[in-house]
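Below is one structure; the comments refer to it alone.
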Amino acid sequence: WGVTTTASAAAPVLLQQEPISADHWAPKPAKVNVAHFAPFAGSVDATSVTVRVDGQPVFTNFKFGDIQKAVELPAGTYHIEIVPTGATDPAISGDVTVEGEKQYTLAAIGDGGNQPLELFALVDDTAAPASGAKLRIAHLAPFAADLNATKVDICTDGGDVVVGGVPYKAFTDPYLSLPAGDYNLKIALAGSNCQSVALDLPSVRLGDHEIVDVF
């Protein structure tokens, strides 16, 4: 209840507040970014899958490179299955536990040849920096069977190593703190002085207070 008065001797006016709904006190859900980073087939269309949560289809025709952001889930443990389109049995399955009010990235990774198909979970940092930007880079490209052979250097376009010797499934933790601006990054084979470029990433613009992921 709130009470307001005027400067005169008029009677007080009582203002009734709206009742607080039960949802106000309900536990806040987790938010999950669901990603398909498993290049297990020769074409993008052939990587189509259905994502099932506790036996229920949630996403269909989900293909390599697709990302579904901010899927809300109550805190708890969930059974996740990744089923290739047209199949009945999952290619990937596993249990994932999430906590309320946290954000996660959950990805299907591997190619079934060089590296096994599996679920890969990360806890996201959602605290915006006071200045500059935060950047997380994760190496999820399964291009070799030997883990040492997957190591890469993350380089600037000018040939400076930002992070060196990064193997498959490794990621920058903590996030990289960088000034706002445009960044041209490339992925080079480890120890090549940024000369043997495996992947030239698109230019990334980092704004103040932003948090950006590069997979």
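Residues are referred to by chain and number: the chain letter is A, B, ... according to the order shown in the structure tokens, the number counts from 1 in that chain, and ligands are numbered separately from 1 in the order shown.
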
Shell around Val212 (chain A) at 8 Å using only C-alpha atoms, local window under 2 positions removed, as a VMD selection string: chain A and resid 133 to 136 206 210 214

Distance query Ala35 (chain A) at most 6 Å, only C-alpha atoms, self and fewer than 4 positions along chain excluded, as a PyMOL selection string: chain A and resi 66-67+107

For region 126-128 of chain A: contacts at 10 Å, only C-alpha atoms, fewer than 3 positions along chain excluded, given as a list in words: Lys102, Gln103, Tyr104, Val123, Ser131, Gly132, Ala133, Lys134, Asp208, His209, Glu210 and Ile211 of chain A

Residues as selected, N, CA, C and O atoms, written as a PDB file, in the first residue's frame, can you do that?
```pdb
ATOM      1  N   LYS A 102      21.533 -19.217 -14.644  1.00  0.00           N
ATOM      2  CA  LYS A 102      22.802 -19.314 -15.344  1.00  0.00           C
ATOM      3  C   LYS A 102      22.555 -19.502 -16.833  1.00  0.00           C
ATOM      4  O   LYS A 102      21.476 -19.937 -17.247  1.00  0.00           O
ATOM      5  N   GLN A 103      23.556 -19.178 -17.632  1.00  0.00           N
ATOM      6  CA  GLN A 103      23.457 -19.368 -19.079  1.00  0.00           C
ATOM      7  C   GLN A 103      24.518 -20.352 -19.527  1.00  0.00           C
ATOM      8  O   GLN A 103      25.649 -20.333 -19.035  1.00  0.00           O
ATOM      9  N   TYR A 104      24.133 -21.201 -20.472  1.00  0.00           N
ATOM     10  CA  TYR A 104      25.018 -22.252 -20.961  1.00  0.00           C
ATOM     11  C   TYR A 104      25.027 -22.252 -22.484  1.00  0.00           C
ATOM     12  O   TYR A 104      24.083 -21.786 -23.129  1.00  0.00           O
ATOM     13  N   VAL A 123      29.691 -23.180 -19.569  1.00  0.00           N
ATOM     14  CA  VAL A 123      28.979 -22.185 -18.777  1.00  0.00           C
ATOM     15  C   VAL A 123      29.363 -20.809 -19.316  1.00  0.00           C
ATOM     16  O   VAL A 123      30.555 -20.488 -19.430  1.00  0.00           O
ATOM     17  N   SER A 131      34.310  -1.851 -19.331  1.00  0.00           N
ATOM     18  CA  SER A 131      34.730  -1.191 -20.565  1.00  0.00           C
ATOM     19  C   SER A 131      35.328  -2.246 -21.480  1.00  0.00           C
ATOM     20  O   SER A 131      35.733  -3.322 -21.028  1.00  0.00           O
ATOM     21  N   GLY A 132      35.380  -1.937 -22.747  1.00  0.00           N
ATOM     22  CA  GLY A 132      35.881  -2.915 -23.697  1.00  0.00           C
ATOM     23  C   GLY A 132      34.928  -4.083 -23.849  1.00  0.00           C
ATOM     24  O   GLY A 132      33.737  -3.993 -23.526  1.00  0.00           O
ATOM     25  N   ALA A 133      35.464  -5.199 -24.327  1.00  0.00           N
ATOM     26  CA  ALA A 133      34.627  -6.365 -24.614  1.00  0.00           C
ATOM     27  C   ALA A 133      35.297  -7.624 -24.090  1.00  0.00           C
ATOM     28  O   ALA A 133      36.491  -7.640 -23.799  1.00  0.00           O
ATOM     29  N   LYS A 134      34.484  -8.669 -23.970  1.00  0.00           N
ATOM     30  CA  LYS A 134      35.000  -9.979 -23.597  1.00  0.00           C
ATOM     31  C   LYS A 134      34.759 -10.937 -24.759  1.00  0.00           C
ATOM     32  O   LYS A 134      33.674 -10.964 -25.345  1.00  0.00           O
ATOM     33  N   ASP A 208      31.862  -1.775 -26.808  1.00  0.00           N
ATOM     34  CA  ASP A 208      32.002  -1.659 -25.363  1.00  0.00           C
ATOM     35  C   ASP A 208      30.897  -2.424 -24.660  1.00  0.00           C
ATOM     36  O   ASP A 208      29.730  -2.405 -25.090  1.00  0.00           O
ATOM     37  N   HIS A 209      31.268  -3.147 -23.612  1.00  0.00           N
ATOM     38  CA  HIS A 209      30.343  -3.906 -22.762  1.00  0.00           C
ATOM     39  C   HIS A 209      29.778  -5.157 -23.443  1.00  0.00           C
ATOM     40  O   HIS A 209      28.854  -5.769 -22.915  1.00  0.00           O
ATOM     41  N   GLU A 210      30.327  -5.529 -24.595  1.00  0.00           N
ATOM     42  CA  GLU A 210      29.820  -6.705 -25.300  1.00  0.00           C
ATOM     43  C   GLU A 210      30.549  -7.977 -24.874  1.00  0.00           C
ATOM     44  O   GLU A 210      31.705  -7.951 -24.455  1.00  0.00           O
ATOM     45  N   ILE A 211      29.824  -9.105 -25.021  1.00  0.00           N
ATOM     46  CA  ILE A 211      30.406 -10.429 -24.795  1.00  0.00           C
ATOM     47  C   ILE A 211      30.174 -11.224 -26.077  1.00  0.00           C
ATOM     48  O   ILE A 211      29.022 -11.349 -26.533  1.00  0.00           O
TER      49      ILE A 211
END
```

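Going from CA of Val44 (chain A) to CA of Gly65 (chain A) covers 8.3 Å.
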
Long-range neighbours of region 47-62 of chain A as a list in words, 6 Å cut-off, only C-alpha atoms, 3 positions minimum in chain: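 With the cut-off at 6 Å, the set is Ala41, Val44, His79, Ile80, Glu81, Ile82, Val83, Pro84 and Thr85 of chain A.
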
Residue neighbourhood Ile137 (chain A), 9 Å, only C-alpha atoms, exclusion window fewer than 3 positions, as a PDB file with N, CA, C and O atoms, in the first residue's frame:
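Listed below is the output, out_25.pdb:
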```
ATOM      1  N   ILE A 154      45.761 -18.905 -32.594  1.00  0.00           N
ATOM      2  CA  ILE A 154      44.802 -17.860 -32.950  1.00  0.00           C
ATOM      3  C   ILE A 154      45.593 -16.583 -33.150  1.00  0.00           C
ATOM      4  O   ILE A 154      46.266 -16.100 -32.228  1.00  0.00           O
ATOM      5  N   ALA A 170      39.438 -27.110 -26.598  1.00  0.00           N
ATOM      6  CA  ALA A 170      39.918 -26.092 -25.657  1.00  0.00           C
ATOM      7  C   ALA A 170      39.240 -24.757 -25.959  1.00  0.00           C
ATOM      8  O   ALA A 170      38.783 -24.503 -27.073  1.00  0.00           O
ATOM      9  N   PHE A 171      39.179 -23.914 -24.945  1.00  0.00           N
ATOM     10  CA  PHE A 171      38.553 -22.609 -25.106  1.00  0.00           C
ATOM     11  C   PHE A 171      39.222 -21.622 -24.149  1.00  0.00           C
ATOM     12  O   PHE A 171      39.856 -22.015 -23.169  1.00  0.00           O
ATOM     13  N   THR A 172      39.098 -20.338 -24.479  1.00  0.00           N
ATOM     14  CA  THR A 172      39.726 -19.311 -23.654  1.00  0.00           C
ATOM     15  C   THR A 172      38.923 -19.138 -22.362  1.00  0.00           C
ATOM     16  O   THR A 172      37.751 -18.787 -22.386  1.00  0.00           O
ATOM     17  N   ASP A 173      39.578 -19.410 -21.247  1.00  0.00           N
ATOM     18  CA  ASP A 173      38.949 -19.307 -19.934  1.00  0.00           C
ATOM     19  C   ASP A 173      39.984 -18.774 -18.957  1.00  0.00           C
ATOM     20  O   ASP A 173      40.969 -19.459 -18.679  1.00  0.00           O
ATOM     21  N   TYR A 175      37.524 -15.396 -20.343  1.00  0.00           N
ATOM     22  CA  TYR A 175      37.369 -14.738 -21.627  1.00  0.00           C
ATOM     23  C   TYR A 175      38.524 -13.753 -21.847  1.00  0.00           C
ATOM     24  O   TYR A 175      39.085 -13.210 -20.891  1.00  0.00           O
ATOM     25  N   LEU A 176      38.845 -13.511 -23.111  1.00  0.00           N
ATOM     26  CA  LEU A 176      39.830 -12.496 -23.433  1.00  0.00           C
ATOM     27  C   LEU A 176      39.210 -11.112 -23.238  1.00  0.00           C
ATOM     28  O   LEU A 176      38.088 -10.856 -23.682  1.00  0.00           O
ATOM     29  N   VAL A 212      31.245 -11.727 -26.663  1.00  0.00           N
ATOM     30  CA  VAL A 212      31.151 -12.377 -27.973  1.00  0.00           C
ATOM     31  C   VAL A 212      31.815 -13.748 -27.918  1.00  0.00           C
ATOM     32  O   VAL A 212      32.867 -13.921 -27.282  1.00  0.00           O
ATOM     33  N   ASP A 213      31.192 -14.720 -28.566  1.00  0.00           N
ATOM     34  CA  ASP A 213      31.744 -16.060 -28.705  1.00  0.00           C
ATOM     35  C   ASP A 213      32.139 -16.302 -30.152  1.00  0.00           C
ATOM     36  O   ASP A 213      31.419 -15.911 -31.076  1.00  0.00           O
ATOM     37  N   VAL A 214      33.271 -16.970 -30.333  1.00  0.00           N
ATOM     38  CA  VAL A 214      33.690 -17.420 -31.657  1.00  0.00           C
ATOM     39  C   VAL A 214      33.985 -18.903 -31.557  1.00  0.00           C
ATOM     40  O   VAL A 214      34.831 -19.330 -30.762  1.00  0.00           O
ATOM     41  N   PHE A 215      33.251 -19.699 -32.338  1.00  0.00           N
ATOM     42  CA  PHE A 215      33.431 -21.158 -32.310  1.00  0.00           C
ATOM     43  C   PHE A 215      33.977 -21.620 -33.658  1.00  0.00           C
ATOM     44  O   PHE A 215      33.626 -21.078 -34.681  1.00  0.00           O
TER      45      PHE A 215
END
```

Strand (DSSP E) positions in region 29-134 of chain A, given as an MDAnalysis selection string: chainID A and resid 30:37 49:53 56:62 67:73 76:84 92:98 103:109 118:123 133:134
